[in-house]
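Asker: Input: one structure, supplied below.
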Protein chains: 2
Amino acid sequence: MAVKKQSNVRATAQSIRSPKDDLNQQIIRLLQQDGRMAFSEIAQQLNVSEGTIRNRVSGLRDNNMLRIVAMSDPVATEYTTDAMIGLNVAVGVTPRQVAERLEKNPRVVFILWVAGRYDLIIELVSDDDDALKEFLEREIHANDDIANADVMPGLKNFKNQFLLKQHVRE
Amino acid sequence: MAVKKQSNVRATAQSIRSPKDDLNQQIIRLLQQDGRMAFSEIAQQLNVSEGTIRNRVSGLRDNNMLRIVAMSDPVATEYTTDAMIGLNVAVGVTPRQVAERLEKNPRVVFILWVAGRYDLIIELVSDDDDALKEFLEREIHANDDIANADVMPGLKNFKNQFLLKQHVRE
DNA sequence: CATGATGGTACGAATTTCGAATAACGAGGT
DNA sequence: ACCTCGTTATTCGAAATTCGTACCATCATG
């Protein structure tokens with residue numbers, strides 16, 4: 001019985017662990033739509049063997065390059081962004097240093113080094129109302145590595161599709 | 001052969017479709033750690049039958065209260081935020097109106113109405129280099145509902161844990 | 001008490017995943 | 001060219017999981 005010849009494409013450039021690899025990208029794309037899609041189905045769609053998909057996915061997961069998680073809809077769970085804060089670091093301090101300090105705070109979910117008016121833009125979330133106040137006190141004002149902080153409290157979140165909501169399940 | 005009597009706990013308060021239901025909560029908690037955990041394993045841990053888990057999960061998913069998705073670690077995948085843009089809407093225009101227009105653009109992954117220096121803060125992502133230019137041209141400058149736009153190109157993303165990275169896989 | 005509706009359980013069949021052996025490929029050496 | 005060696009793909013039973021579906025328990029209602 002003739003065995004169907006599968007695709008010969010293999011990882012050429014970088015390590016298989018890299019998510020930039022072409023096949024990995026495609027796998028990820030599919031899993032972003034449905035994190036529970038069967039490996040065998042992915043394999044079929046991408047014309048490689050099931051084992052390959054299994055290898056790749058577990059490789060990516062083991063190296064923390066890919067996570068497959070359940071999310072309950074942020075809107076449904078009333079996820080709110082408390083504030084965006086534009087920061088300017090003090091003279092003699094690098095944005096990276098400040099970022100590394102703030103990174104540890106679990107309320108900070110997003111830190112981006114930017115060019116323009118600010119050095120860093122961070123996003124803050126929290127549960128209770130005092131959290132913002134407390135955060136500003138402890139992490140901003142009590143530190144001398146920040147020259148300026150523009151706090152912009154969130155009023156309404158119109159869109160937040162991180163990787164979520166690319167397609168609505170049907 | 002005696003069949004082990006399983007838990008009698010059943011949904012009491014609201015619909016089974018609600019994520020607030022106690023059993024659903026527990027299911028979600030487990031799936032947040034590993035979105036591919038076998039239903040049979042979840043069942044075992046929560047002392048209910050596999051079928052129940054299956055019912056619940058597909059119920060939640062069908063109603064878009066739960067989504068199981070793959071996320072590739074943004075830092076690892078060198079996911080870059082191309083830019084954060086602080087927007088001020090034109091006089092006579094509400095932030096909501098602008099938000100609703102921008103929402104449709106797939107490059108815009110985040111829109112937050114804020115108080116402070118700006119009216120809206122949006123986050124932009126893209127693949128190729130011309131995307132930012134094109135976006136500014138089409139969505140910002142070609143429209144008269146925006147009075148001012150501070151574009152802050154992203155340089156490096158230090159942290160972006162939307163719901164990601166709550167726990168590191170082990 | 002019927003009756004219907006909802007949600008849980010059970011169980012065999014179909015499918016998927018897993019483990020482990022084998023094959024294919026690419027990159028260096030000699 | 002040829003031969004290793006390490007890495008990645010593939011293959012193929014066995015084990016595990018999921019699925020379809022029938023059936024049971026509970027509860028609310030008429």
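By order of appearance in the structure tokens: chains A, B, ..., then residues from 1 within every chain, and ligands from 1 in the order shown.
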Using only C-alpha atoms (C1' of nucleotides), I'd like a table of the residues in chain D that come within 8 Å of chain A; for each, show the closest atom pair and its distance in Å rounded to one decimal, ordered by chain and ascending number, as a Markdown table.
Answerer:
| residue | atom | partner | partner_atom | distance |
| --- | --- | --- | --- | --- |
| D:DT8 | C1' | A:Arg10 | CA | 8.0 |
| D:DA9 | C1' | A:Thr52 | CA | 6.2 |
| D:DT10 | C1' | A:Ser49 | CA | 6.6 |
Asker: Could you tell me, as a PyMOL selection string, which residues of segment 83-160 of chain A DSSP assigns to strand (DSSP E or B) when given the backbone?
Answerer: chain A and resi 83-89+108-114+120-124+146-160
Asker: Keeping only C-alpha atoms, write the selected residues to a file as an mmCIF file, in the first residue's frame.
Answerer:
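To be explicit, this is the file written out as result-v2.cif:
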data_model
loop_
_atom_site.group_PDB
_atom_site.id
_atom_site.type_symbol
_atom_site.label_atom_id
_atom_site.label_comp_id
_atom_site.auth_asym_id
_atom_site.auth_seq_id
_atom_site.Cartn_x
_atom_site.Cartn_y
_atom_site.Cartn_z
ATOM 1 C CA ALA A 83 -4.976 53.151 34.372
ATOM 2 C CA MET A 84 -2.404 53.778 31.765
ATOM 3 C CA ILE A 85 0.621 55.633 33.004
ATOM 4 C CA GLY A 86 3.123 57.459 30.872
ATOM 5 C CA LEU A 87 6.498 57.586 32.577
ATOM 6 C CA ASN A 88 9.650 59.569 32.120
ATOM 7 C CA VAL A 89 12.654 58.147 33.821
ATOM 8 C CA VAL A 108 1.441 45.918 36.143
ATOM 9 C CA VAL A 109 0.397 43.858 33.162
ATOM 10 C CA PHE A 110 2.049 45.767 30.402
ATOM 11 C CA ILE A 111 5.275 47.673 30.087
ATOM 12 C CA LEU A 112 6.436 49.134 26.844
ATOM 13 C CA TRP A 113 9.475 51.209 26.148
ATOM 14 C CA VAL A 114 8.533 53.846 23.631
ATOM 15 C CA LEU A 120 7.690 53.927 29.308
ATOM 16 C CA ILE A 121 4.020 53.243 29.051
ATOM 17 C CA ILE A 122 2.577 50.883 31.587
ATOM 18 C CA GLU A 123 -0.817 49.416 32.158
ATOM 19 C CA LEU A 124 -2.234 48.831 35.565
ATOM 20 C CA ILE A 146 11.047 58.294 37.833
ATOM 21 C CA ALA A 147 11.051 61.937 36.832
ATOM 22 C CA ASN A 148 7.478 62.252 35.712
ATOM 23 C CA ALA A 149 4.337 60.188 35.637
ATOM 24 C CA ASP A 150 1.214 61.013 33.717
ATOM 25 C CA VAL A 151 -1.569 58.969 35.154
ATOM 26 C CA MET A 152 -4.499 58.401 32.888
ATOM 27 C CA PRO A 153 -7.249 56.531 34.650
ATOM 28 C CA GLY A 154 -9.182 54.217 32.389
ATOM 29 C CA LEU A 155 -12.772 55.141 31.787
ATOM 30 C CA LYS A 156 -13.882 52.486 29.404
ATOM 31 C CA ASN A 157 -12.229 49.717 27.552
ATOM 32 C CA PHE A 158 -13.496 49.540 24.007
ATOM 33 C CA LYS A 159 -11.244 46.862 22.752
ATOM 34 C CA ASN A 160 -8.763 44.511 24.217
#
Asker: Applying 9 Å and only C-alpha atoms (C1' of nucleotides), which residues near DT17 of chain D remain after dropping the ones on its own chain fewer than 4 positions away? List them as a list in words.
Answerer: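 My list of contacting residues is Ala38, Phe39 and Ser40 of chain B; DT15, DT16 and DT17 of chain C.
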Asker: Quick check: residues of chain C within 12 Å of chain B, only C-alpha atoms (C1' of nucleotides), returned as a list in words.
Answerer: DT6, DG7, DG8, DT9, DA10, DC11, DT16 and DT17 of chain C
Asker: So which residues touch DA14 of chain D within 12 Å, counting only C-alpha atoms (C1' of nucleotides), skipping near sequence neighbours fewer than 3 positions away, as a CSV table (one decimal) with N, CA and C atoms (P, O5', C5', C4', C3', O3' and C1' of nucleotides), in the first residue's frame?
Answerer:
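Output saved as selection.csv:
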chain,number,residue,atom,x,y,z
C,17,DT,P,-5.0,14.7,19.7
C,17,DT,O5',-4.1,13.8,20.7
C,17,DT,C5',-4.5,13.7,22.0
C,17,DT,C4',-3.6,12.6,22.7
C,17,DT,C3',-2.2,13.0,22.7
C,17,DT,O3',-1.7,12.9,24.1
C,17,DT,C1',-2.5,10.8,21.9
C,18,DC,P,-0.3,13.4,24.5
C,18,DC,O5',0.5,12.0,24.7
C,18,DC,C5',-0.2,11.0,25.4
C,18,DC,C4',0.7,9.7,25.3
C,18,DC,C3',2.2,9.9,25.3
C,18,DC,O3',2.7,9.1,26.3
C,18,DC,C1',1.6,8.5,23.5
C,19,DG,P,4.2,9.4,26.9
C,19,DG,O5',5.0,8.1,26.4
C,19,DG,C5',4.3,6.8,26.4
C,19,DG,C4',5.2,5.8,25.7
C,19,DG,C3',6.7,6.0,25.8
C,19,DG,O3',7.3,4.8,26.0
C,19,DG,C1',5.9,5.9,23.5
C,20,DA,P,8.9,4.7,26.2
C,20,DA,O5',9.4,4.0,24.9
C,20,DA,C5',8.5,3.0,24.3
C,20,DA,C4',9.1,2.7,22.9
C,20,DA,C3',10.6,2.9,22.8
C,20,DA,O3',11.1,1.9,21.9
C,20,DA,C1',9.5,4.2,21.2
